[in-house]
$ cat run_36.csv   # CSV, C-alpha atoms
chain,number,residue,atom,x,y,z
E,127,MET,CA,179.4,125.9,71.4
E,128,LYS,CA,179.8,122.3,72.6
E,129,VAL,CA,183.3,121.1,71.6
E,130,ILE,CA,184.9,117.7,72.0
E,131,ILE,CA,188.7,117.5,72.0
E,132,MET,CA,190.3,114.1,71.6
E,133,GLY,CA,193.8,114.1,73.0
E,134,CYS,CA,194.9,116.0,76.1
E,135,GLY,CA,198.5,116.7,75.1
E,136,ARG,CA,200.1,120.1,75.0
E,137,LEU,CA,198.0,121.4,72.1
E,138,GLY,CA,194.8,119.7,73.1
E,139,SER,CA,194.9,120.9,76.7
E,140,ARG,CA,195.8,124.4,75.6
E,141,ILE,CA,192.9,124.7,73.2
E,142,ALA,CA,190.6,123.2,75.8
E,143,GLY,CA,191.7,125.9,78.3
E,144,ILE,CA,191.2,128.8,75.8
E,145,LEU,CA,187.7,127.6,74.8
E,146,ASP,CA,186.7,126.9,78.4
E,147,ARG,CA,187.7,130.5,79.4
E,148,GLN,CA,185.7,131.8,76.4
E,149,GLY,CA,182.6,130.1,77.9
E,150,HIS,CA,182.3,127.1,75.6
E,151,HIS,CA,181.3,123.7,76.8
E,152,VAL,CA,184.4,121.6,76.4
E,153,THR,CA,184.8,117.9,76.8
E,154,VAL,CA,188.3,116.4,76.7
E,155,ILE,CA,188.9,112.7,75.9
E,156,ASP,CA,192.2,110.9,76.6
E,157,THR,CA,193.1,107.3,77.1
E,158,ASN,CA,195.4,108.3,80.0
E,159,GLU,CA,193.7,109.9,83.0
E,160,SER,CA,197.0,111.5,84.2
E,161,ALA,CA,197.0,113.6,80.9
E,162,PHE,CA,194.2,115.7,82.4
E,163,ARG,CA,196.6,117.3,84.8
E,164,ARG,CA,197.6,119.5,81.9
E,165,LEU,CA,194.2,121.1,82.1
E,166,GLY,CA,194.9,122.7,85.5
E,167,ASP,CA,192.5,123.2,88.3
E,168,SER,CA,190.6,126.1,86.8
E,169,PHE,CA,189.3,124.0,83.9
E,170,GLY,CA,185.6,123.8,84.1
E,171,GLY,CA,184.8,121.3,81.3
E,172,ASP,CA,184.4,117.6,81.3
E,173,ARG,CA,187.0,114.9,81.2
E,174,VAL,CA,186.4,111.5,79.7
E,175,VAL,CA,188.8,108.6,80.0
E,176,GLY,CA,188.7,106.4,76.9
E,177,ASN,CA,189.8,105.8,73.4
E,178,GLY,CA,188.3,108.4,71.1
E,179,MET,CA,188.1,106.0,68.2
E,180,ASP,CA,185.6,103.9,70.2
E,181,ALA,CA,182.0,104.8,69.4
E,182,SER,CA,181.1,104.2,73.0
E,183,THR,CA,183.7,106.7,74.3
E,184,LEU,CA,182.5,109.3,71.8
E,185,GLU,CA,179.0,108.8,72.9
E,186,ARG,CA,180.0,109.1,76.5
E,187,ALA,CA,181.6,112.4,75.6
E,188,GLY,CA,178.3,113.5,74.1
E,189,ILE,CA,179.2,113.4,70.4
E,190,GLU,CA,175.6,113.2,69.4
E,191,THR,CA,175.0,116.7,70.5
E,192,ALA,CA,178.4,118.2,69.8
E,193,ASP,CA,178.9,121.2,67.5
E,194,ALA,CA,182.5,120.6,66.9
E,195,PHE,CA,185.1,117.8,67.2
E,196,MET,CA,188.9,118.2,67.3
E,197,ALA,CA,191.2,115.3,66.9
E,198,ILE,CA,194.6,116.1,68.4
E,199,THR,CA,196.3,112.8,69.5
E,200,GLN,CA,199.8,112.0,68.5
E,201,GLY,CA,198.7,109.6,65.8
E,202,ASP,CA,197.7,110.9,62.3
E,203,ASN,CA,195.7,107.8,61.5
E,204,ARG,CA,193.9,107.8,64.8
E,205,ASN,CA,193.0,111.5,64.3
E,206,TYR,CA,191.8,110.7,60.8
E,207,PHE,CA,189.7,107.7,62.0
E,208,ALA,CA,188.1,109.5,64.8
E,209,SER,CA,187.4,112.6,62.6
E,210,GLN,CA,185.7,110.4,60.0
E,211,MET,CA,183.6,108.8,62.8
E,212,ALA,CA,182.6,112.3,64.0
E,213,HIS,CA,181.9,113.4,60.4
E,214,GLU,CA,180.3,110.3,58.7
E,215,VAL,CA,178.6,108.6,61.6
E,216,TYR,CA,177.7,111.4,64.0
E,217,HIS,CA,177.4,114.2,61.5
E,218,VAL,CA,179.2,116.7,63.7
E,219,LYS,CA,179.1,120.1,62.0
E,220,ARG,CA,182.7,121.1,62.4
E,221,VAL,CA,185.5,118.5,62.5
E,222,LEU,CA,189.1,119.6,62.8
E,223,CYS,CA,191.9,117.1,62.4
E,224,ARG,CA,195.6,117.5,63.2
E,225,VAL,CA,197.9,115.6,60.8
E,226,TYR,CA,201.7,115.8,61.2
E,227,ASP,CA,202.5,114.2,57.9
E,228,PRO,CA,202.0,117.0,55.2
E,229,VAL,CA,201.4,114.5,52.4
E,230,ARG,CA,198.6,112.8,54.3
E,231,GLU,CA,197.2,116.1,55.4
E,232,GLU,CA,196.6,117.2,51.8
E,233,ILE,CA,194.9,113.9,51.0
E,234,PHE,CA,192.7,114.0,54.1
E,235,ARG,CA,191.7,117.5,53.2
E,236,ASP,CA,190.8,116.4,49.8
E,237,LEU,CA,188.8,113.7,51.4
E,238,GLY,CA,186.6,116.2,53.1
E,239,LEU,CA,188.1,117.0,56.4
E,240,GLU,CA,189.3,120.3,57.8
E,241,THR,CA,192.9,119.5,58.5
E,242,PHE,CA,195.8,121.3,60.1
E,243,SER,CA,199.4,120.2,59.7
E,244,PRO,CA,201.8,121.7,62.4
E,245,THR,CA,204.7,120.5,60.2
E,246,SER,CA,203.9,122.4,57.1
E,247,TYR,CA,202.6,125.4,59.0
E,248,GLY,CA,205.5,125.5,61.4
E,249,ALA,CA,208.0,125.1,58.6
E,250,GLN,CA,206.6,128.0,56.7
E,251,ILE,CA,206.6,130.2,59.8
E,252,MET,CA,210.2,129.3,60.7
E,253,VAL,CA,211.4,130.0,57.2
E,254,ASP,CA,209.6,133.4,57.3
E,255,MET,CA,211.3,134.1,60.7
E,256,LEU,CA,214.7,133.3,59.3
E,257,MET,CA,214.2,135.6,56.3
E,258,HIS,CA,213.0,138.6,58.3
E,259,GLU,CA,214.9,140.6,60.9
E,260,PRO,CA,213.3,140.2,64.3
E,261,ALA,CA,210.9,143.1,65.1
E,262,ARG,CA,212.4,143.7,68.5
E,263,ARG,CA,215.1,142.4,70.6
R,249,MET,CA,195.2,91.0,38.8
R,250,TYR,CA,197.7,93.2,40.7
R,251,ILE,CA,196.9,92.9,44.4
R,252,LEU,CA,198.5,95.0,47.1
R,253,ILE,CA,198.4,93.6,50.6
R,254,ALA,CA,199.1,96.1,53.4
R,255,GLY,CA,200.3,94.4,56.5
R,256,GLY,CA,202.4,91.3,56.6
R,257,GLY,CA,201.1,89.6,59.7
R,258,LYS,CA,199.5,86.2,59.7
R,259,VAL,CA,196.4,87.4,57.7
R,260,GLY,CA,198.5,89.2,55.1
R,261,TYR,CA,201.0,86.5,54.7
R,262,HIS,CA,198.5,83.7,54.2
R,263,LEU,CA,196.4,85.9,51.9
R,264,ALA,CA,199.5,86.6,49.8
R,265,GLU,CA,200.5,83.0,49.7
R,266,GLU,CA,197.0,82.0,48.5
R,267,LEU,CA,196.8,84.7,45.9
R,268,LEU,CA,200.3,83.9,44.5
R,269,ASN,CA,199.1,80.3,44.1
R,270,GLN,CA,196.2,81.6,42.1
R,271,ASN,CA,198.8,83.3,39.8
R,272,HIS,CA,198.0,86.9,40.8
R,273,GLU,CA,200.6,89.5,40.9
R,274,VAL,CA,201.0,90.3,44.6
R,275,LEU,CA,203.0,92.7,46.7
R,276,VAL,CA,203.0,92.7,50.5
R,277,ILE,CA,203.8,96.0,52.3
R,278,GLU,CA,205.2,95.4,55.8
R,279,ARG,CA,206.6,98.0,58.2
R,280,ASP,CA,208.8,95.8,60.3
R,281,PRO,CA,212.1,95.1,58.4
R,282,ALA,CA,212.7,91.8,60.2
R,283,ARG,CA,209.2,90.5,59.4
R,284,ALA,CA,209.5,91.8,55.8
R,285,ALA,CA,212.8,89.9,55.4
R,286,GLN,CA,211.1,86.8,56.6
R,287,ILE,CA,208.3,87.2,54.1
R,288,ARG,CA,210.8,88.0,51.3
R,289,ASP,CA,212.5,84.6,52.0
R,290,GLU,CA,209.3,82.6,52.2
R,291,LEU,CA,207.4,84.2,49.3
R,292,ASN,CA,210.3,84.8,46.9
R,293,GLY,CA,210.4,88.5,46.9
R,294,ASN,CA,207.0,90.1,46.6
R,295,VAL,CA,207.4,92.3,49.6
R,296,LEU,CA,208.1,96.0,50.1
R,297,THR,CA,209.4,97.3,53.5
R,298,GLY,CA,207.6,100.5,54.5
R,299,ASP,CA,204.6,102.1,56.1
R,300,SER,CA,201.6,101.5,54.0
R,301,CYS,CA,199.8,104.4,55.6
R,302,GLU,CA,202.2,106.8,53.8
R,303,ALA,CA,201.1,107.8,50.4
R,304,THR,CA,204.7,107.7,49.2
R,305,THR,CA,205.0,104.0,50.2
R,306,LEU,CA,201.8,103.2,48.4
R,307,ASP,CA,203.0,105.1,45.3
R,308,LEU,CA,206.3,103.2,45.4
R,309,ALA,CA,204.2,100.0,45.4
R,310,GLY,CA,202.5,101.2,42.2
R,311,VAL,CA,199.1,101.6,44.0
R,312,SER,CA,197.5,103.5,41.1
R,313,ARG,CA,197.8,100.4,38.9
R,314,ALA,CA,196.5,98.0,41.6
R,315,ASP,CA,193.2,96.3,40.9
R,316,LEU,CA,192.7,95.6,44.5
R,317,VAL,CA,194.2,96.8,47.8
R,318,ALA,CA,193.6,94.6,50.9
R,319,ALA,CA,194.4,96.5,54.2
R,320,VAL,CA,194.9,93.7,56.8
R,321,THR,CA,196.9,95.3,59.6
R,322,GLY,CA,195.8,94.8,63.1
R,323,ASP,CA,194.8,98.5,63.5
R,324,ASP,CA,191.4,99.6,62.1
R,325,GLU,CA,192.6,103.2,61.9
R,326,ASP,CA,195.5,102.2,59.7
R,327,ASN,CA,193.3,100.1,57.5
R,328,LEU,CA,190.9,103.0,57.0
R,329,VAL,CA,193.7,105.3,56.1
R,330,ILE,CA,195.2,102.8,53.7
R,331,CYS,CA,191.9,102.1,51.9
R,332,ASP,CA,191.0,105.8,51.7
R,333,ILE,CA,194.4,106.8,50.3
R,334,ALA,CA,194.2,103.9,47.8
R,335,ARG,CA,190.8,105.0,46.6
R,336,TYR,CA,192.1,108.5,46.4
R,337,ARG,CA,194.8,107.2,44.1
R,338,GLY,CA,192.2,105.6,41.9
R,339,VAL,CA,192.0,102.0,43.2
R,340,ALA,CA,188.6,100.6,42.4
R,341,ARG,CA,188.4,97.9,45.1
R,342,THR,CA,189.6,98.1,48.6
R,343,ILE,CA,189.1,95.5,51.3
R,344,ALA,CA,189.7,96.2,54.9
R,345,ARG,CA,190.1,93.9,57.8
R,346,ILE,CA,188.1,95.2,60.7
R,347,ASN,CA,189.1,94.3,64.2
R,348,ASN,CA,186.3,96.1,66.1
R,349,PRO,CA,182.9,95.2,64.7
R,350,ARG,CA,181.5,98.5,65.8
R,351,ASN,CA,183.8,100.1,63.2
R,352,GLU,CA,182.1,98.4,60.3
R,353,LEU,CA,179.6,101.2,59.8
R,354,LEU,CA,182.3,103.8,59.2
R,355,PHE,CA,184.1,101.6,56.6
R,356,ARG,CA,180.7,101.1,54.9
R,357,LYS,CA,180.0,104.8,54.9
R,358,ARG,CA,183.5,105.5,53.4
R,359,GLY,CA,182.6,103.2,50.5
R,360,ILE,CA,185.1,100.6,51.3
R,361,GLU,CA,183.6,97.8,49.4
R,362,THR,CA,184.2,94.7,51.5
R,363,THR,CA,185.0,94.4,55.1
R,364,ILE,CA,186.3,91.3,56.9
R,365,SER,CA,186.1,91.3,60.6
R,366,ALA,CA,188.0,88.5,62.4
R,367,THR,CA,185.9,89.2,65.4
R,368,GLN,CA,182.8,89.0,63.3
R,369,ALA,CA,183.9,85.8,61.7
R,370,VAL,CA,184.5,84.2,65.1
R,371,LEU,CA,181.2,85.5,66.3
R,372,ALA,CA,179.4,84.1,63.3
R,373,GLN,CA,181.1,80.8,64.0
R,374,ILE,CA,180.0,80.8,67.6
R,375,GLU,CA,176.4,81.7,66.6
R,376,GLN,CA,176.6,78.9,64.1
R,377,GLU,CA,177.4,76.4,66.8
R,378,LEU,CA,174.6,77.6,69.1
R,379,PRO,CA,171.0,77.4,68.0
R,380,THR,CA,171.7,77.3,64.3
R,381,GLN,CA,174.1,74.4,64.5
R,382,LEU,CA,171.3,72.4,63.1
R,383,MET,CA,172.3,73.7,59.7
R,384,ILE,CA,175.9,73.8,58.8
R,385,PRO,CA,177.2,75.1,55.4
R,386,LEU,CA,179.6,72.5,54.0
R,387,LEU,CA,180.5,73.7,50.6
R,388,GLN,CA,179.7,76.4,48.0
R,389,LEU,CA,179.1,74.8,44.6
R,390,HIS,CA,178.9,76.5,41.3
R,391,SER,CA,176.1,78.8,40.2
R,392,GLY,CA,174.6,79.5,43.5
R,393,LEU,CA,174.3,75.9,44.7
R,394,GLU,CA,175.3,75.0,48.2
R,395,LEU,CA,175.9,71.8,50.1
R,396,VAL,CA,174.6,72.0,53.7
R,397,GLU,CA,174.3,69.5,56.6
R,398,ILE,CA,171.0,69.6,58.5
R,399,LYS,CA,170.6,67.8,61.7
R,400,LEU,CA,167.0,66.9,62.4
R,401,PRO,CA,165.8,67.9,65.9
R,402,GLU,CA,163.1,66.0,67.8
R,403,THR,CA,160.7,68.8,66.9
R,404,SER,CA,161.4,68.7,63.2
R,405,PRO,CA,158.2,68.5,61.2
R,406,VAL,CA,159.6,65.8,58.9
R,407,VAL,CA,160.6,63.3,61.6
R,408,GLY,CA,158.7,60.1,61.0
R,409,ARG,CA,158.1,60.9,57.3
R,410,SER,CA,159.6,59.3,54.3
R,411,VAL,CA,161.9,61.3,51.9
R,412,ARG,CA,159.1,61.2,49.3
R,413,GLU,CA,156.7,63.0,51.7
R,414,VAL,CA,159.1,65.9,52.4
R,415,LEU,CA,158.4,69.1,50.5
R,416,LEU,CA,161.7,70.7,49.5
R,417,PRO,CA,162.4,74.0,47.8
R,418,ALA,CA,163.1,73.9,44.1
R,419,GLU,CA,166.4,72.4,43.0
R,420,SER,CA,167.0,70.9,46.4
R,421,LEU,CA,168.0,67.3,46.9
R,422,ILE,CA,168.7,65.2,50.0
R,423,SER,CA,171.8,63.4,48.8
R,424,LEU,CA,172.9,61.6,51.9
R,425,ILE,CA,171.5,60.7,55.4
R,426,VAL,CA,173.8,60.0,58.3
R,427,ASP,CA,172.1,58.4,61.2
R,428,PRO,CA,173.0,59.2,64.8
R,429,GLY,CA,175.3,56.3,64.9
R,430,GLY,CA,177.3,57.8,62.1
R,431,VAL,CA,176.2,55.3,59.5
R,432,PRO,CA,175.6,56.9,56.1
R,433,ARG,CA,172.8,55.8,53.8
R,434,MET,CA,171.9,56.8,50.2
R,435,PRO,CA,168.3,57.8,50.6
R,436,SER,CA,165.4,56.5,48.4
R,437,GLY,CA,161.9,57.8,48.4
R,438,ASP,CA,160.9,55.3,51.0
R,439,THR,CA,163.7,56.2,53.5
R,440,ARG,CA,162.2,57.3,56.8
R,441,LEU,CA,163.6,60.3,58.5
R,442,ASN,CA,164.4,60.1,62.2
R,443,ALA,CA,165.4,62.6,64.9
R,444,GLY,CA,169.1,63.0,65.1
R,445,ASP,CA,169.7,62.1,61.4
R,446,ALA,CA,172.1,64.4,59.6
R,447,LEU,CA,171.0,65.2,56.1
R,448,VAL,CA,173.4,66.3,53.5
R,449,VAL,CA,171.4,68.5,51.2
R,450,VAL,CA,172.2,70.3,47.9
R,451,SER,CA,170.1,73.5,47.6
R,452,ARG,CA,170.2,76.9,46.2
R,453,LYS,CA,171.7,79.7,48.4
R,454,GLU,CA,168.5,81.7,48.3
R,455,SER,CA,166.4,78.7,49.3
R,456,LEU,CA,168.4,77.9,52.5
R,457,ASP,CA,166.0,79.8,54.8
R,458,MET,CA,163.0,77.9,53.4
R,459,LEU,CA,164.9,74.6,53.6
R,460,ARG,CA,165.7,75.2,57.2
R,461,GLU,CA,162.1,76.0,57.9
R,462,GLN,CA,160.9,72.9,56.2
R,463,LEU,CA,163.4,70.5,57.7
R,464,ILE,CA,164.1,72.0,61.1
R,465,GLY,CA,160.9,73.8,61.8
R,466,SER,CA,160.3,77.3,63.2
R,467,THR,CA,163.2,79.6,62.8
R,468,HIS,CA,161.8,82.0,65.3
R,469,GLY,CA,164.5,84.1,66.8
R,470,LEU,CA,167.3,82.5,64.8
R,471,ASP,CA,169.5,84.4,62.5
R,472,THR,CA,172.3,83.4,60.3

$ encode --input "run_36.csv" --output "structure tokens"
Amino acid sequence: MKVIIMGCGRLGSRIAGILDRQGHHVTVIDTNESAFRRLGDSFGGDRVVGNGMDASTLERAGIETADAFMAITQGDNRNYFASQMAHEVYHVKRVLCRVYDPVREEIFRDLGLETFSPTSYGAQIMVDMLMHEPARR
Amino acid sequence: MYILIAGGGKVGYHLAEELLNQNHEVLVIERDPARAAQIRDELNGNVLTGDSCEATTLDLAGVSRADLVAAVTGDDEDNLVICDIARYRGVARTIARINNPRNELLFRKRGIETTISATQAVLAQIEQELPTQLMIPLLQLHSGLELVEIKLPETSPVVGRSVREVLLPAESLISLIVDPGGVPRMPSGDTRLNAGDALVVVSRKESLDMLREQLIGSTHGLDT
């Protein structure tokens, strides 16, 4: 699968590493070249410096032939914008969008995107942890 | 009409001022508290401090009863989010300011009705001053009539002819001729047209292309 990941932060770089090791073709976009250091030396995918909300950057990353696009920058609105570009303009089959704000996440999901909110997900997991005794210690 | 303006920068502020003058109910949403306070002073209230990308802020502003939402922040991604949330909340008309013209396609695909691009407007202005400067829109009149100024180039097919001999589109009238020296004349049928004359013409909007062709000549390669 050809996957484009926008945002090479902790989560983006980690996902990129996993998919790369699984043998997928991964292209990572970030505005800041130094962010690519998180990928490590073993990363075999492509790195594109640029703003993932720019059509030209997306095209340089090969959006026209991508099977999946993941928006994982720090900005919910940026992620939404780029995801809609990938979805509406480039018709990428799978578009995943990270949204911190749970309220926006629900709306964006209703508007047709596959969304993931680390806030609501993390909150649920941490509450569950609190309510259950640790399995081992 | 109840109009929500997201973004209290220069564009948002002047838009609000203009709409208030037209007796609309207007609320500006501005994120920066200092800027919001300034607008509050100058526009007698009519401002809400908050992030208009958050649904809760829009709800607080009564977005669901708004007739129109204008997203005019300096960030296209924010404007898209604001318009999409507003539409999700049932607002029929959303207008987004677009800063990067390449983004216009996405807004159109999202069904955001009107898009205003400052960059595009400046470009249009520049284009207007290049080859098409020969025809300058002056004023939009009622019921589709427009007032335009047309400067006759040397190559105009009507140079040397009298007004009577010029074939104009229907409902078009040469109402004033300003010669290259800046002297205006009320034309009669016998008035001769010279290169460099500026004609002030009333015409219909849909006839402007024909008008240009008849008074300026070939429009090959030109685009307005």

$ closest_residue --input "run_36.csv" --among "R:Val426, R:Leu395, R:Cys301, R:Ala334" --to "E:Gly201" --atoms "all atoms listed in the file"
R:Cys301

$ atom_distance --input "run_36.csv" --atom1 "atom CA of R:Arg356" --atom2 "atom CA of R:Val320"
16.1 Å

$ residues_around --input "run_36.csv" --residues "R:Ala254" --least-positions-apart "4" --cutoff "12 Å" --atoms "all atoms listed in the file" --output "JSON, numbers by chain"
{"R": [258, 259, 260, 261, 263, 264, 274, 275, 276, 277, 278, 279, 280, 284, 295, 296, 297, 298, 299, 300, 301, 302, 305, 306, 309, 311, 316, 317, 318, 319, 320, 321, 322, 323, 326, 327, 328, 329, 330, 331, 334, 342, 343, 344, 345]}

$ closest_residue --input "run_36.csv" --among "R:Leu354, R:Leu387, R:Ile398, R:Ala446" --to "chain E" --atoms "all atoms listed in the file"
R:Leu354

$ residues_around --input "run_36.csv" --residues "stretch 227-240 of chain E" --least-positions-apart "4" --cutoff "8 Å" --atoms "all atoms listed in the file" --output "ChimeraX atom specification"
/E:202,206,209-210,221-223,245-246 /R:302-303,333,336

$ interface_residues --input "run_36.csv" --of "chain E" --to "chain R" --cutoff "6 Å" --atoms "only C-alpha atoms" --output "short mmCIF file (atom, residue, chain, number, x, y, z; two decimals) with C-alpha atoms, keeping the file's coordinate frame"
data_model
loop_
_atom_site.label_atom_id
_atom_site.label_comp_id
_atom_site.auth_asym_id
_atom_site.auth_seq_id
_atom_site.Cartn_x
_atom_site.Cartn_y
_atom_site.Cartn_z
CA ASN E 203 195.70 107.80 61.50
CA ARG E 204 193.90 107.80 64.80
CA PHE E 207 189.70 107.70 62.00
#

$ atom_distance --input "run_36.csv" --atom1 "atom CA of R:Pro401" --atom2 "atom CA of R:Gln462"
12.0 Å

$ residues_around --input "run_36.csv" --residues "E:Ala161" --least-positions-apart "5" --cutoff "12 Å" --atoms "all atoms listed in the file" --output "list in words"
Met132, Gly133, Cys134, Gly135, Arg136, Leu137, Gly138, Ser139, Val154, Ile155, Asp156, Gly166, Arg173, Val174, Val175, Gly176 and Thr199 of chain E

$ residues_near_point --input "run_36.csv" --point "(183.2, 107.8, 73.0)" --cutoff "12 Å" --atoms "only C-alpha atoms" --output "PyMOL selection string"
(chain E and resi 130-132+153-157+173-190+192+195+208+211-212+216) or (chain R and resi 350)

$ axis_aligned_box --input "run_36.csv" --around "stretch 188-200 of chain E" --padding-each-side "6 Å" --output "JSON"
{"center_x": 187.4, "center_y": 116.6, "center_z": 70.5, "size_x": 36.8, "size_y": 21.2, "size_z": 19.2}

$ atom_distance --input "run_36.csv" --atom1 "atom CA of R:Leu393" --atom2 "atom CA of R:Ile251"
28.3 Å

$ closest_residue --input "run_36.csv" --among "R:Leu386, R:Glu266, R:Gly293, R:Tyr250" --to "R:Asp315" --atoms "only C-alpha atoms"
R:Tyr250

$ closest_residue --input "run_36.csv" --among "R:Pro432, R:Asp457, R:Thr439, R:Leu463" --to "R:Leu415" --atoms "only C-alpha atoms"
R:Leu463

$ closest_residue --input "run_36.csv" --among "E:Ala249, E:Leu256, E:His217, E:Gly170" --to "E:Gly143" --atoms "only C-alpha atoms"
E:Gly170

$ residues_around --input "run_36.csv" --residues "E:Met127" --least-positions-apart "2" --cutoff "7 Å" --atoms "all atoms listed in the file" --output "JSON, numbers by chain"
{"E": [129, 150, 151, 193]}

$ residues_around --input "run_36.csv" --residues "R:Thr403" --least-positions-apart "5" --cutoff "9 Å" --atoms "only C-alpha atoms" --output "compact mmCIF listing (two decimals) with C-alpha atoms, in the coordinates of the input"
# COMPACT_ATOMS: atom_id res chain seq x y z
CA ALA R 443 165.40 62.60 64.90
CA ILE R 464 164.10 72.00 61.10
CA GLY R 465 160.90 73.80 61.80

$ decode --input "run_36.csv" --residues "stretch 420-431 of chain R" --atoms "N, CA and C atoms" --output "mmCIF file, in the first residue's frame"
data_model
loop_
_atom_site.group_PDB
_atom_site.id
_atom_site.type_symbol
_atom_site.label_atom_id
_atom_site.label_comp_id
_atom_site.auth_asym_id
_atom_site.auth_seq_id
_atom_site.Cartn_x
_atom_site.Cartn_y
_atom_site.Cartn_z
ATOM 1 N N SER R 420 -27.472 49.298 -25.491
ATOM 2 C CA SER R 420 -26.190 49.906 -25.176
ATOM 3 C C SER R 420 -26.176 51.326 -25.702
ATOM 4 N N LEU R 421 -25.488 52.191 -24.970
ATOM 5 C CA LEU R 421 -25.496 53.603 -25.337
ATOM 6 C C LEU R 421 -24.142 54.227 -24.993
ATOM 7 N N ILE R 422 -23.569 54.932 -25.971
ATOM 8 C CA ILE R 422 -22.364 55.700 -25.673
ATOM 9 C C ILE R 422 -22.832 57.002 -25.045
ATOM 10 N N SER R 423 -22.569 57.163 -23.766
ATOM 11 C CA SER R 423 -23.173 58.317 -23.093
ATOM 12 C C SER R 423 -22.213 59.491 -22.966
ATOM 13 N N LEU R 424 -20.922 59.233 -23.076
ATOM 14 C CA LEU R 424 -19.955 60.326 -22.924
ATOM 15 C C LEU R 424 -18.665 59.935 -23.635
ATOM 16 N N ILE R 425 -18.017 60.916 -24.240
ATOM 17 C CA ILE R 425 -16.715 60.654 -24.861
ATOM 18 C C ILE R 425 -15.699 61.620 -24.262
ATOM 19 N N VAL R 426 -14.619 61.057 -23.733
ATOM 20 C CA VAL R 426 -13.568 61.906 -23.178
ATOM 21 C C VAL R 426 -12.365 61.796 -24.111
ATOM 22 N N ASP R 427 -11.934 62.905 -24.686
ATOM 23 C CA ASP R 427 -10.821 62.815 -25.639
ATOM 24 C C ASP R 427 -9.492 62.683 -24.885
ATOM 25 N N PRO R 428 -8.397 62.364 -25.627
ATOM 26 C CA PRO R 428 -7.128 62.098 -24.938
ATOM 27 C C PRO R 428 -6.655 63.273 -24.082
ATOM 28 N N GLY R 429 -7.119 64.473 -24.391
ATOM 29 C CA GLY R 429 -6.751 65.636 -23.586
ATOM 30 C C GLY R 429 -7.579 65.759 -22.315
ATOM 31 N N GLY R 430 -8.560 64.832 -22.123
ATOM 32 C CA GLY R 430 -9.369 64.851 -20.922
ATOM 33 C C GLY R 430 -10.633 65.692 -21.051
ATOM 34 N N VAL R 431 -10.915 66.165 -22.280
ATOM 35 C CA VAL R 431 -12.109 66.996 -22.454
ATOM 36 C C VAL R 431 -13.324 66.116 -22.760
#
